[in-house]
$ cat upload_12.tsv   # TSV, C-alpha atoms and all ligand atoms
chain	number	residue	atom	x	y	z
A	15	MET	CA	3.81	0.25	-30.27
A	16	MET	CA	1.34	2.15	-28.20
A	17	ASP	CA	-2.07	2.60	-29.80
A	18	GLN	CA	-3.19	6.13	-30.51
A	19	ALA	CA	-5.81	6.38	-27.78
A	20	THR	CA	-3.34	5.20	-25.15
A	21	SER	CA	-0.59	7.55	-26.25
A	22	LEU	CA	-3.03	10.45	-26.20
A	23	LEU	CA	-4.09	9.45	-22.71
A	24	LEU	CA	-0.46	9.30	-21.61
A	25	GLU	CA	0.31	12.69	-23.11
A	26	LYS	CA	-2.64	14.33	-21.35
A	27	MET	CA	-1.83	12.62	-18.09
A	28	LEU	CA	1.75	13.86	-18.20
A	29	GLN	CA	0.53	17.38	-18.93
A	30	GLY	CA	-1.42	17.32	-15.68
A	31	ASP	CA	-4.87	16.47	-16.99
A	32	ARG	CA	-6.61	14.97	-13.97
A	33	ILE	CA	-9.43	13.36	-15.92
A	34	ALA	CA	-6.84	11.57	-18.04
A	35	LEU	CA	-5.01	10.45	-14.89
A	36	GLY	CA	-8.24	9.02	-13.48
A	37	LYS	CA	-8.88	7.20	-16.75
A	38	ALA	CA	-5.35	5.84	-16.77
A	39	MET	CA	-5.89	4.49	-13.26
A	40	THR	CA	-9.12	2.81	-14.27
A	41	LEU	CA	-7.27	1.28	-17.20
A	42	VAL	CA	-4.44	-0.19	-15.10
A	43	GLU	CA	-6.92	-1.46	-12.52
A	44	SER	CA	-8.99	-3.22	-15.13
A	45	ASP	CA	-8.76	-6.99	-15.37
A	46	ARG	CA	-10.26	-7.06	-18.83
A	47	VAL	CA	-7.96	-8.80	-21.24
A	48	SER	CA	-8.67	-6.12	-23.84
A	49	ASP	CA	-7.44	-3.42	-21.42
A	50	ARG	CA	-4.28	-5.15	-20.26
A	51	ASP	CA	-2.23	-4.46	-23.39
A	52	SER	CA	-2.82	-0.72	-23.31
A	53	ALA	CA	-2.35	-0.66	-19.55
A	54	ILE	CA	1.02	-2.36	-19.77
A	55	GLN	CA	2.18	-0.02	-22.54
A	56	LEU	CA	1.15	2.97	-20.50
A	57	LEU	CA	2.95	1.64	-17.43
A	58	ALA	CA	6.06	0.75	-19.42
A	59	SER	CA	6.28	4.30	-20.66
A	60	CYS	CA	5.86	5.66	-17.13
A	61	GLU	CA	8.46	3.27	-15.79
A	62	ARG	CA	10.96	4.40	-18.41
A	63	ARG	CA	10.37	8.03	-17.48
A	64	LEU	CA	10.71	7.38	-13.78
A	65	ARG	CA	14.02	5.64	-14.34
A	66	GLU	CA	15.29	8.97	-15.66
A	67	ASN	CA	13.53	11.18	-13.17
A	68	ASP	CA	11.39	10.04	-10.26
A	69	PRO	CA	10.14	13.03	-8.26
A	70	SER	CA	8.20	10.98	-5.73
A	71	ILE	CA	8.62	9.86	-2.17
A	72	ARG	CA	6.07	7.27	-1.08
A	73	PHE	CA	4.80	6.88	2.47
A	74	ALA	CA	2.65	4.15	3.96
A	75	ILE	CA	0.24	5.54	6.57
A	76	SER	CA	-0.73	2.80	8.95
A	77	GLY	CA	-2.58	2.52	12.25
A	78	ALA	CA	-5.60	1.03	13.97
A	79	PRO	CA	-9.09	1.92	12.71
A	80	GLY	CA	-10.25	5.34	13.82
A	81	VAL	CA	-6.91	6.79	14.98
A	82	GLY	CA	-7.29	9.54	12.42
A	83	LYS	CA	-5.23	8.40	9.45
A	84	SER	CA	-7.48	9.99	6.84
A	85	THR	CA	-7.86	13.23	8.77
A	86	PHE	CA	-4.08	13.30	9.23
A	87	ILE	CA	-3.44	12.80	5.52
A	88	GLU	CA	-5.88	15.62	4.77
A	89	ALA	CA	-4.13	18.04	7.14
A	90	LEU	CA	-0.61	17.04	6.15
A	91	GLY	CA	-1.43	16.93	2.45
A	92	LEU	CA	-2.94	20.42	2.47
A	93	LYS	CA	0.10	21.71	4.33
A	94	ALA	CA	2.40	20.14	1.75
A	95	ILE	CA	0.37	21.68	-1.07
A	96	SER	CA	0.68	25.11	0.53
A	97	GLN	CA	4.44	24.64	0.22
A	98	GLY	CA	4.20	23.82	-3.45
A	99	HIS	CA	4.02	20.04	-3.43
A	100	LYS	CA	1.70	17.83	-5.43
A	101	VAL	CA	0.12	15.18	-3.26
A	102	GLY	CA	-1.19	11.79	-4.35
A	103	VAL	CA	-3.28	9.70	-1.96
A	104	MET	CA	-4.35	6.10	-2.21
A	105	THR	CA	-6.96	4.65	0.09
A	106	ILE	CA	-9.01	1.50	0.22
A	107	ASP	CA	-12.66	1.79	-0.66
A	108	PRO	CA	-14.92	1.71	2.43
A	109	THR	CA	-17.01	-1.14	1.10
A	110	SER	CA	-13.99	-3.39	0.87
A	111	SER	CA	-14.72	-6.65	2.64
A	112	ILE	CA	-11.33	-6.88	4.33
A	113	SER	CA	-11.83	-3.71	6.34
A	114	HIS	CA	-15.25	-4.97	7.48
A	115	GLY	CA	-16.55	-1.50	6.83
A	116	SER	CA	-14.20	-0.02	9.43
A	117	ILE	CA	-12.95	2.56	7.01
A	118	LEU	CA	-15.65	5.13	6.97
A	119	GLY	CA	-15.87	7.67	4.22
A	120	ASP	CA	-12.19	8.25	3.57
A	121	LYS	CA	-12.95	10.72	0.85
A	122	SER	CA	-15.33	12.64	3.09
A	123	ARG	CA	-12.43	13.07	5.52
A	124	MET	CA	-10.31	14.43	2.68
A	125	THR	CA	-12.61	16.98	1.13
A	126	GLY	CA	-9.83	19.57	0.91
A	127	LEU	CA	-7.54	17.23	-0.96
A	128	ALA	CA	-10.38	15.80	-3.03
A	129	THR	CA	-11.14	19.26	-4.37
A	130	SER	CA	-7.59	20.58	-4.66
A	131	SER	CA	-6.02	20.83	-8.09
A	132	SER	CA	-2.66	19.88	-6.54
A	133	ALA	CA	-3.90	16.61	-5.09
A	134	PHE	CA	-5.26	13.38	-6.43
A	135	VAL	CA	-7.15	10.98	-4.15
A	136	ARG	CA	-7.72	7.47	-5.42
A	137	SER	CA	-9.68	4.75	-3.63
A	138	SER	CA	-8.91	1.20	-4.61
A	139	PRO	CA	-12.15	-0.47	-5.57
A	140	ALA	CA	-13.70	-3.00	-3.21
A	141	GLY	CA	-12.73	-6.57	-3.72
A	142	THR	CA	-9.31	-5.80	-5.14
A	143	VAL	CA	-7.58	-5.66	-1.79
A	144	LEU	CA	-5.20	-8.53	-1.19
A	145	GLY	CA	-3.02	-8.74	1.87
A	146	GLY	CA	-4.11	-5.24	2.80
A	147	MET	CA	-2.80	-3.70	-0.40
A	148	GLY	CA	-4.78	-2.88	-3.47
A	149	ARG	CA	-4.08	-5.39	-6.21
A	150	ARG	CA	-2.94	-2.55	-8.45
A	151	SER	CA	-1.52	-0.14	-5.86
A	152	HIS	CA	1.96	-0.27	-7.31
A	153	GLU	CA	0.61	0.50	-10.75
A	154	VAL	CA	-1.43	3.43	-9.47
A	155	MET	CA	1.58	4.74	-7.55
A	156	THR	CA	3.64	4.56	-10.72
A	157	LEU	CA	1.06	6.67	-12.58
A	158	LEU	CA	0.95	9.23	-9.78
A	159	ALA	CA	4.74	9.54	-9.73
A	160	ALA	CA	4.95	9.85	-13.51
A	161	ALA	CA	2.26	12.55	-13.41
A	162	GLY	CA	4.50	14.56	-11.08
A	163	TYR	CA	2.94	13.86	-7.68
A	164	ASP	CA	6.00	14.22	-5.47
A	165	ILE	CA	4.50	13.11	-2.15
A	166	ILE	CA	2.42	9.95	-2.22
A	167	PHE	CA	0.53	8.54	0.75
A	168	ILE	CA	-0.98	5.07	0.95
A	169	GLU	CA	-3.46	4.59	3.75
A	170	THR	CA	-3.29	0.92	4.67
A	171	VAL	CA	-5.82	-1.34	6.28
A	172	GLY	CA	-4.55	-2.31	9.70
A	173	VAL	CA	-4.83	-6.06	9.33
A	174	GLY	CA	-2.25	-8.80	9.57
A	175	GLN	CA	0.37	-8.81	6.88
A	176	SER	CA	-0.75	-5.62	5.23
A	177	GLU	CA	1.74	-3.40	7.02
A	178	HIS	CA	4.65	-5.59	6.02
A	179	THR	CA	3.52	-5.57	2.43
A	180	ALA	CA	3.03	-1.81	2.53
A	181	TRP	CA	6.50	-1.38	4.03
A	182	GLN	CA	8.08	-3.21	1.12
A	183	PHE	CA	6.28	-1.04	-1.43
A	184	THR	CA	7.09	2.35	0.04
A	185	ASP	CA	10.00	4.60	0.97
A	186	GLY	CA	8.84	5.49	4.47
A	187	PHE	CA	6.45	4.05	7.03
A	188	ILE	CA	4.34	6.33	9.23
A	189	LEU	CA	2.47	4.75	12.14
A	190	VAL	CA	-0.44	6.80	13.46
A	191	VAL	CA	-1.63	6.08	17.01
A	192	GLN	CA	-3.96	7.80	19.41
A	193	PRO	CA	-3.47	8.44	23.12
A	194	GLY	CA	-5.50	7.00	25.96
A	195	GLY	CA	-7.19	3.82	27.02
A	196	GLY	CA	-3.95	1.95	27.53
A	197	ASP	CA	-3.86	1.26	23.84
A	198	GLU	CA	-0.77	3.37	23.34
A	199	LEU	CA	1.46	0.45	22.76
A	200	GLN	CA	-0.94	-1.45	20.58
A	201	GLY	CA	1.32	-1.13	17.60
A	202	ILE	CA	4.23	-2.47	19.59
A	203	LYS	CA	2.29	-5.54	20.64
A	204	ARG	CA	1.38	-6.18	17.07
A	205	GLY	CA	4.97	-5.91	15.96
A	206	ILE	CA	4.29	-2.97	13.74
A	207	THR	CA	6.17	-0.27	15.56
A	208	GLU	CA	9.43	-1.87	14.43
A	209	LEU	CA	8.48	-0.90	10.91
A	210	ALA	CA	7.82	2.74	11.72
A	211	ASP	CA	10.19	5.44	10.55
A	212	ILE	CA	7.91	8.04	12.09
A	213	VAL	CA	5.33	7.49	14.84
A	214	ILE	CA	2.57	10.08	15.01
A	215	VAL	CA	0.59	10.41	18.21
A	216	ASN	CA	-2.51	12.05	16.78
A	217	LYS	CA	-5.43	13.69	18.60
A	218	ALA	CA	-3.09	15.68	20.82
A	219	ASP	CA	-5.84	18.20	21.53
A	220	GLY	CA	-8.40	19.03	24.22
A	221	PRO	CA	-8.54	16.55	27.07
A	222	LEU	CA	-6.14	14.17	25.29
A	223	THR	CA	-3.23	16.61	25.18
A	224	ASP	CA	-1.46	15.29	28.28
A	225	LEU	CA	-2.10	11.67	27.43
A	226	ALA	CA	-0.63	12.30	24.00
A	227	ARG	CA	2.58	13.61	25.56
A	228	LEU	CA	2.73	10.51	27.74
A	229	ALA	CA	2.16	8.22	24.78
A	230	LYS	CA	4.93	9.97	22.91
A	231	THR	CA	7.38	9.28	25.75
A	232	GLN	CA	6.28	5.65	25.90
A	233	TYR	CA	6.82	5.19	22.20
A	234	GLN	CA	10.17	6.93	22.31
A	235	ASN	CA	11.30	4.65	25.12
A	236	ALA	CA	10.01	1.52	23.46
A	237	MET	CA	11.64	2.39	20.18
A	238	HIS	CA	15.09	2.49	21.75
A	239	TYR	CA	14.95	-1.29	21.67
A	240	PHE	CA	14.48	-1.47	17.96
A	241	SER	CA	17.30	-1.05	15.55
A	242	SER	CA	16.19	1.04	12.63
A	243	LEU	CA	15.31	-0.91	9.52
A	244	ARG	CA	16.55	1.90	7.35
A	245	THR	CA	20.02	3.24	7.20
A	246	ASN	CA	20.85	6.80	8.15
A	247	TRP	CA	17.63	7.38	10.08
A	248	THR	CA	16.62	7.17	13.72
A	249	PRO	CA	12.85	6.71	14.07
A	250	LYS	CA	11.10	9.84	15.33
A	251	THR	CA	7.97	10.25	17.43
A	252	LEU	CA	5.82	13.36	17.15
A	253	THR	CA	2.49	14.52	18.51
A	254	CYS	CA	-0.04	16.43	16.47
A	255	SER	CA	-3.70	17.17	16.07
A	256	ALA	CA	-5.00	16.47	12.61
A	257	LEU	CA	-8.19	18.21	13.64
A	258	THR	CA	-6.73	21.56	14.77
A	259	GLY	CA	-3.60	21.36	12.62
A	260	HIS	CA	-1.36	21.76	15.63
A	261	GLY	CA	2.03	20.12	15.05
A	262	ILE	CA	1.33	19.35	11.39
A	263	GLY	CA	4.03	21.77	10.22
A	264	GLU	CA	6.58	19.94	12.31
A	265	VAL	CA	5.42	16.62	10.88
A	266	LEU	CA	5.92	17.92	7.36
A	267	ALA	CA	9.39	19.19	8.24
A	268	THR	CA	10.21	15.73	9.61
A	269	LEU	CA	9.02	14.13	6.39
A	270	GLN	CA	11.28	16.48	4.51
A	271	SER	CA	14.31	15.59	6.61
A	272	TYR	CA	13.40	11.95	6.19
A	273	ARG	CA	13.41	12.44	2.46
A	274	GLU	CA	16.84	14.04	2.62
A	275	ALA	CA	18.24	11.26	4.81
A	276	PHE	CA	16.65	8.65	2.59
A	277	THR	CA	18.04	9.99	-0.64
A	278	ALA	CA	21.44	10.68	0.90
A	279	SER	CA	21.90	7.16	2.24
A	280	THR	CA	20.69	5.19	-0.69
A	281	SER	CA	20.09	5.85	-4.30
A	282	LEU	CA	16.42	6.09	-5.08
A	283	LEU	CA	17.06	3.93	-8.11
A	284	GLU	CA	18.36	1.12	-5.89
A	285	GLU	CA	15.31	1.38	-3.64
A	286	ARG	CA	13.02	1.22	-6.61
A	287	LYS	CA	14.81	-1.91	-7.81
A	288	LYS	CA	14.16	-3.60	-4.45
A	289	GLN	CA	10.54	-2.53	-4.54
A	290	LYS	CA	10.13	-3.82	-8.08
A	291	ALA	CA	11.66	-7.17	-7.15
A	292	PHE	CA	9.34	-7.47	-4.17
A	293	TRP	CA	6.35	-6.47	-6.25
A	294	LEU	CA	7.16	-8.98	-8.97
A	295	ASN	CA	7.16	-11.80	-6.43
A	296	TRP	CA	4.00	-10.53	-4.80
A	297	THR	CA	1.98	-10.01	-7.95
A	298	LEU	CA	3.03	-13.27	-9.58
A	299	GLY	CA	2.26	-15.15	-6.37
A	300	ILE	CA	-1.28	-13.81	-6.54
A	301	THR	CA	-1.61	-14.60	-10.23
A	302	ALA	CA	-0.26	-18.12	-9.84
A	303	ASN	CA	-2.68	-18.75	-7.01
A	304	GLN	CA	-5.64	-17.44	-8.98
A	305	LEU	CA	-4.73	-19.40	-12.10
A	306	MET	CA	-4.47	-22.64	-10.16
A	307	ILE	CA	-7.49	-22.19	-7.92
A	308	ASN	CA	-9.66	-21.21	-10.88
A	309	HIS	CA	-8.55	-24.08	-13.10
A	310	PRO	CA	-11.76	-26.06	-13.74
A	311	VAL	CA	-10.21	-29.42	-12.79
A	312	ILE	CA	-8.83	-28.05	-9.52
A	313	LYS	CA	-12.03	-26.16	-8.85
A	314	ASP	CA	-14.12	-29.34	-9.16
A	315	ARG	CA	-11.71	-31.36	-7.05
A	316	MET	CA	-11.62	-28.63	-4.38
A	317	HIS	CA	-15.40	-28.48	-4.35
A	318	ALA	CA	-15.57	-32.24	-3.76
A	319	ALA	CA	-12.85	-32.05	-1.11
A	320	LEU	CA	-14.71	-29.38	0.84
A	321	GLN	CA	-17.83	-31.52	0.66
A	322	GLU	CA	-15.86	-34.47	2.04
A	323	ILE	CA	-14.75	-32.37	4.98
A	324	GLN	CA	-18.35	-31.38	5.64
A	325	ASN	CA	-19.50	-35.00	5.53
A	326	ASP	CA	-16.69	-36.02	7.82
A	327	GLN	CA	-15.40	-38.38	5.13
A	328	SER	CA	-12.16	-36.57	4.57
A	329	LEU	CA	-8.59	-37.60	5.13
A	330	VAL	CA	-7.47	-34.07	4.64
A	331	PHE	CA	-3.73	-34.65	4.40
A	332	GLN	CA	-4.23	-37.27	1.75
A	333	THR	CA	-6.67	-34.98	-0.07
A	334	ALA	CA	-4.21	-32.09	-0.07
A	335	PHE	CA	-1.49	-34.37	-1.39
A	336	ASP	CA	-3.76	-35.62	-4.16
A	337	ILE	CA	-4.72	-32.11	-5.20
A	338	GLU	CA	-1.08	-31.02	-5.17
A	339	ASN	CA	-0.28	-33.86	-7.52
A	340	LEU	CA	-3.18	-32.86	-9.69
A	341	MET	CA	-1.78	-29.33	-9.88
A	342	ARG	CA	1.61	-30.73	-10.84
A	343	SER	CA	0.11	-32.87	-13.55
A	344	ILE	CA	-1.62	-29.79	-14.97
A	345	ILE	CA	1.56	-27.76	-15.08
A	346	TYR	CA	3.80	-30.62	-16.21
A	347	PRO	CA	1.46	-32.79	-18.31
A	348	ASP	CA	4.28	-34.85	-19.81
A	349	LYS	CA	6.27	-35.56	-16.70
A	350	LYS	CA	5.69	-38.19	-14.10
A	351	ASN	CA	6.45	-37.14	-10.53
A	352	ALA	CA	7.66	-33.69	-11.50
A	353	SER	CA	8.53	-31.68	-8.45
A	401	LIG	N1	-9.96	15.05	18.63
A	401	LIG	C1	-9.47	14.63	17.48
A	401	LIG	N2	-10.19	13.82	16.69
A	401	LIG	C2	-9.64	13.40	15.54
A	401	LIG	C3	-8.37	13.82	15.11
A	401	LIG	N3	-8.10	13.25	13.92
A	401	LIG	C4	-9.16	12.50	13.60
A	401	LIG	N4	-10.11	12.60	14.57
A	401	LIG	C5	-11.43	11.96	14.57
A	401	LIG	O1	-11.27	10.56	14.65
A	401	LIG	C6	-12.27	9.89	13.89
A	401	LIG	C7	-11.64	8.96	12.88
A	401	LIG	O2	-10.91	9.71	11.94
A	401	LIG	P1	-10.42	9.10	10.56
A	401	LIG	O3	-9.53	10.11	9.95
A	401	LIG	O4	-11.57	8.62	9.77
A	401	LIG	O5	-9.59	7.85	11.09
A	401	LIG	P2	-8.94	6.67	10.24
A	401	LIG	O6	-7.77	6.17	11.01
A	401	LIG	O7	-8.71	7.07	8.84
A	401	LIG	O8	-10.10	5.61	10.31
A	401	LIG	P3	-10.27	4.29	9.40
A	401	LIG	O9	-9.90	4.68	8.01
A	401	LIG	O10	-11.71	3.96	9.57
A	401	LIG	O11	-9.35	3.27	9.98
A	401	LIG	C8	-13.11	10.99	13.24
A	401	LIG	O12	-14.24	11.21	14.01
A	401	LIG	C9	-12.18	12.20	13.28
A	401	LIG	O13	-12.86	13.42	13.31
A	401	LIG	C10	-7.62	14.70	15.95
A	401	LIG	O14	-6.51	15.12	15.70
A	401	LIG	N5	-8.23	15.06	17.13
A	402	MG	MG	-9.37	6.30	7.02

$ encode --input "upload_12.tsv" --output "structure tokens"
Amino acid sequence: MMDQATSLLLEKMLQGDRIALGKAMTLVESDRVSDRDSAIQLLASCERRLRENDPSIRFAISGAPGVGKSTFIEALGLKAISQGHKVGVMTIDPTSSISHGSILGDKSRMTGLATSSSAFVRSSPAGTVLGGMGRRSHEVMTLLAAAGYDIIFIETVGVGQSEHTAWQFTDGFILVVQPGGGDELQGIKRGITELADIVIVNKADGPLTDLARLAKTQYQNAMHYFSSLRTNWTPKTLTCSALTGHGIGEVLATLQSYREAFTASTSLLEERKKQKAFWLNWTLGITANQLMINHPVIKDRMHAALQEIQNDQSLVFQTAFDIENLMRSIIYPDKKNAS
């Protein structure tokens, strides 16, 4: 049974109360044991609702630092709102260590959305980013969807595995690039363009206009070599200027046709099942790791092992093997040689 405070919070959140939605997010992001019960009840209720009716489509917005992801989300989001949509945005807090401060003032680039009653912008707190995704991004997305936000954007940190993780969590993957400097095909080199359902060449304005057109052609050519990862959709490349708004209408129309193709080819329910399965593996992997690494016996042994490495006394393969066995003996205290 849900306690009274939580059920009141849920009720308000579902009625569109933004303060309640913010509180609900803080609750599901909290690691405090006393908060987890209420958080899980809240999420369970949202999950049940979404199984009946999920209004949301969820896009990952990826791209190198400074290409204009936040500005693009602002322009696109405001356009979507003008057509009657409710837009949810998730970003990573600028002080997050993983971005090395490369994400500058996301919210200040989204002032229109931040002050719109049809948008909700949420920054994942620093230190909760793992593998480029917020630890509780899936939870926050679930709240946004249940609260009726029908277009959800996640701005990812362009590092390593994060794009692949983001891809698994979302319905569509938008890669933002900028023209010029020979960096056009950066995403291709990094193996990220394969993931893109839509490539946006941003900053197609002023002196960059021609270069943007060139970059678009290069991306279109390069993408011929990739087979689409999603059924019923051929990846599209578009140019736009997030700053002037030029081309943003066309981008939104493309998102809408993507949504149609996506829901026609696969049932949303099936997609959500895949995403849940992926998430379960991901989240439990993190939990298992934390539980083990923070176990006092392992912690002490690790501390000693690191010291041994420093003192050049270590036989590191032997050490790893010993610690693995120690972990096994913690999990299976009664068994010898459990594997
Ligand atoms: N000329 C031009 N500048 C742009 C455009 N979009 C963004 N910018 C500028 O590019 C810079 C970076 O924009 P952001 O939106 O913060 O880029 P971002 O990709 O979110 O950056 P990080 O989050 O730090 O990775 C800012 O100075 C923007 O004003 C555009 O369409 N044209
Ligand atoms: Mg940004």

$ closest_residue --input "upload_12.tsv" --among "A:Tyr346, A:Phe73, A:Phe331, A:Phe86" --to "ligand LIG 401 (chain A)" --atoms "all atoms listed in the file"
A:Phe86

$ closest_residue --input "upload_12.tsv" --among "A:Gly162, A:Gly126, A:Pro69, A:Gly148" --to "A:Met104" --atoms "only C-alpha atoms"
A:Gly148

$ residues_around --input "upload_12.tsv" --residues "A:Glu285" --least-positions-apart "6" --cutoff "10 Å" --atoms "only C-alpha atoms" --output "NGL selection string"
:A and (182-185 or 276-277 or 291)

$ closest_residue --input "upload_12.tsv" --among "A:Thr85, A:Gln97, A:Asn67, A:Gln332" --to "ligand MG 402 (chain A)" --atoms "all atoms listed in the file"
A:Thr85

$ residues_around --input "upload_12.tsv" --residues "stretch 41-43 of chain A" --least-positions-apart "3" --cutoff "10 Å" --atoms "all atoms listed in the file" --output "number ranges by chain"
A: 20, 35-38, 46, 49-57, 138-139, 142, 148-151, 153-154, 157

$ atom_distance --input "upload_12.tsv" --atom1 "atom P1 of ligand LIG 401 (chain A)" --atom2 "atom CA of A:Leu257"
9.9 Å

$ residues_near_point --input "upload_12.tsv" --point "(-0.2, 11.7, 18.4)" --cutoff "7 Å" --atoms "all atoms listed in the file" --output "PyMOL selection string"
chain A and resi 190-193+214-218+226+252-255

$ closest_residue --input "upload_12.tsv" --among "A:Asn246, A:Gln324, A:Thr207, A:Asn303" --to "A:Gln234" --atoms "only C-alpha atoms"
A:Thr207

$ atom_distance --input "upload_12.tsv" --atom1 "atom CA of A:Trp296" --atom2 "atom CA of A:Arg63"
23.4 Å

$ closest_residue --input "upload_12.tsv" --among "A:Phe292, A:Thr297, A:Ile337, A:Leu243" --to "A:His309" --atoms "only C-alpha atoms"
A:Ile337

$ atom_distance --input "upload_12.tsv" --atom1 "atom CA of A:Val101" --atom2 "atom CA of A:Asp219"
25.7 Å

$ closest_atom_pairs --input "upload_12.tsv" --of "chain A" --to "ligand LIG 401 (chain A)" --cutoff "9 Å" --atoms "only C-alpha atoms and all ligand atoms" --output "JSON lines"
{"residue": "A:Ser76", "atom": "CA", "partner": "A:LIG401", "partner_atom": "O6", "distance": 8.1}
{"residue": "A:Gly77", "atom": "CA", "partner": "A:LIG401", "partner_atom": "O6", "distance": 6.5}
{"residue": "A:Ala78", "atom": "CA", "partner": "A:LIG401", "partner_atom": "O11", "distance": 5.9}
{"residue": "A:Pro79", "atom": "CA", "partner": "A:LIG401", "partner_atom": "O11", "distance": 3.1}
{"residue": "A:Gly80", "atom": "CA", "partner": "A:LIG401", "partner_atom": "O8", "distance": 3.5}
{"residue": "A:Val81", "atom": "CA", "partner": "A:LIG401", "partner_atom": "O6", "distance": 4.1}
{"residue": "A:Gly82", "atom": "CA", "partner": "A:LIG401", "partner_atom": "O5", "distance": 3.1}
{"residue": "A:Lys83", "atom": "CA", "partner": "A:LIG401", "partner_atom": "O6", "distance": 3.7}
{"residue": "A:Ser84", "atom": "CA", "partner": "A:LIG401", "partner_atom": "O3", "distance": 3.7}
{"residue": "A:Thr85", "atom": "CA", "partner": "A:LIG401", "partner_atom": "O3", "distance": 3.7}
{"residue": "A:Phe86", "atom": "CA", "partner": "A:LIG401", "partner_atom": "N3", "distance": 6.2}
{"residue": "A:Ile87", "atom": "CA", "partner": "A:LIG401", "partner_atom": "O3", "distance": 8.0}
{"residue": "A:Glu88", "atom": "CA", "partner": "A:LIG401", "partner_atom": "O3", "distance": 8.4}
{"residue": "A:Thr105", "atom": "CA", "partner": "A:LIG401", "partner_atom": "O9", "distance": 8.4}
{"residue": "A:Ile106", "atom": "CA", "partner": "A:LIG401", "partner_atom": "O9", "distance": 8.5}
{"residue": "A:Pro108", "atom": "CA", "partner": "A:LIG401", "partner_atom": "O9", "distance": 8.1}
{"residue": "A:Ser113", "atom": "CA", "partner": "A:LIG401", "partner_atom": "O11", "distance": 8.3}
{"residue": "A:Gly115", "atom": "CA", "partner": "A:LIG401", "partner_atom": "O10", "distance": 7.8}
{"residue": "A:Ser116", "atom": "CA", "partner": "A:LIG401", "partner_atom": "O10", "distance": 4.7}
{"residue": "A:Ile117", "atom": "CA", "partner": "A:LIG401", "partner_atom": "O10", "distance": 3.2}
{"residue": "A:Leu118", "atom": "CA", "partner": "A:LIG401", "partner_atom": "O10", "distance": 4.9}
{"residue": "A:Gly119", "atom": "CA", "partner": "A:LIG401", "partner_atom": "O4", "distance": 7.1}
{"residue": "A:Asp120", "atom": "CA", "partner": "A:LIG401", "partner_atom": "O9", "distance": 6.1}
{"residue": "A:Ser122", "atom": "CA", "partner": "A:LIG401", "partner_atom": "O4", "distance": 8.7}
{"residue": "A:Arg123", "atom": "CA", "partner": "A:LIG401", "partner_atom": "O3", "distance": 6.1}
{"residue": "A:Met124", "atom": "CA", "partner": "A:LIG401", "partner_atom": "O3", "distance": 8.5}
{"residue": "A:Glu169", "atom": "CA", "partner": "A:LIG401", "partner_atom": "O7", "distance": 7.7}
{"residue": "A:Thr170", "atom": "CA", "partner": "A:LIG401", "partner_atom": "O9", "distance": 8.3}
{"residue": "A:Val171", "atom": "CA", "partner": "A:LIG401", "partner_atom": "O11", "distance": 6.9}
{"residue": "A:Gly172", "atom": "CA", "partner": "A:LIG401", "partner_atom": "O11", "distance": 7.4}
{"residue": "A:Val190", "atom": "CA", "partner": "A:LIG401", "partner_atom": "O6", "distance": 7.8}
{"residue": "A:Val191", "atom": "CA", "partner": "A:LIG401", "partner_atom": "O6", "distance": 8.6}
{"residue": "A:Gln192", "atom": "CA", "partner": "A:LIG401", "partner_atom": "C10", "distance": 8.5}
{"residue": "A:Val215", "atom": "CA", "partner": "A:LIG401", "partner_atom": "O14", "distance": 8.9}
{"residue": "A:Asn216", "atom": "CA", "partner": "A:LIG401", "partner_atom": "O14", "distance": 5.2}
{"residue": "A:Lys217", "atom": "CA", "partner": "A:LIG401", "partner_atom": "O14", "distance": 3.4}
{"residue": "A:Ala218", "atom": "CA", "partner": "A:LIG401", "partner_atom": "O14", "distance": 6.2}
{"residue": "A:Asp219", "atom": "CA", "partner": "A:LIG401", "partner_atom": "N5", "distance": 5.9}
{"residue": "A:Gly220", "atom": "CA", "partner": "A:LIG401", "partner_atom": "N1", "distance": 7.0}
{"residue": "A:Pro221", "atom": "CA", "partner": "A:LIG401", "partner_atom": "N1", "distance": 8.7}
{"residue": "A:Leu222", "atom": "CA", "partner": "A:LIG401", "partner_atom": "N1", "distance": 7.7}
{"residue": "A:Cys254", "atom": "CA", "partner": "A:LIG401", "partner_atom": "O14", "distance": 6.6}
{"residue": "A:Ser255", "atom": "CA", "partner": "A:LIG401", "partner_atom": "O14", "distance": 3.5}
{"residue": "A:Ala256", "atom": "CA", "partner": "A:LIG401", "partner_atom": "O14", "distance": 3.7}
{"residue": "A:Leu257", "atom": "CA", "partner": "A:LIG401", "partner_atom": "O14", "distance": 4.1}
{"residue": "A:Thr258", "atom": "CA", "partner": "A:LIG401", "partner_atom": "O14", "distance": 6.5}
{"residue": "A:Gly259", "atom": "CA", "partner": "A:LIG401", "partner_atom": "O14", "distance": 7.5}
{"residue": "A:His260", "atom": "CA", "partner": "A:LIG401", "partner_atom": "O14", "distance": 8.4}
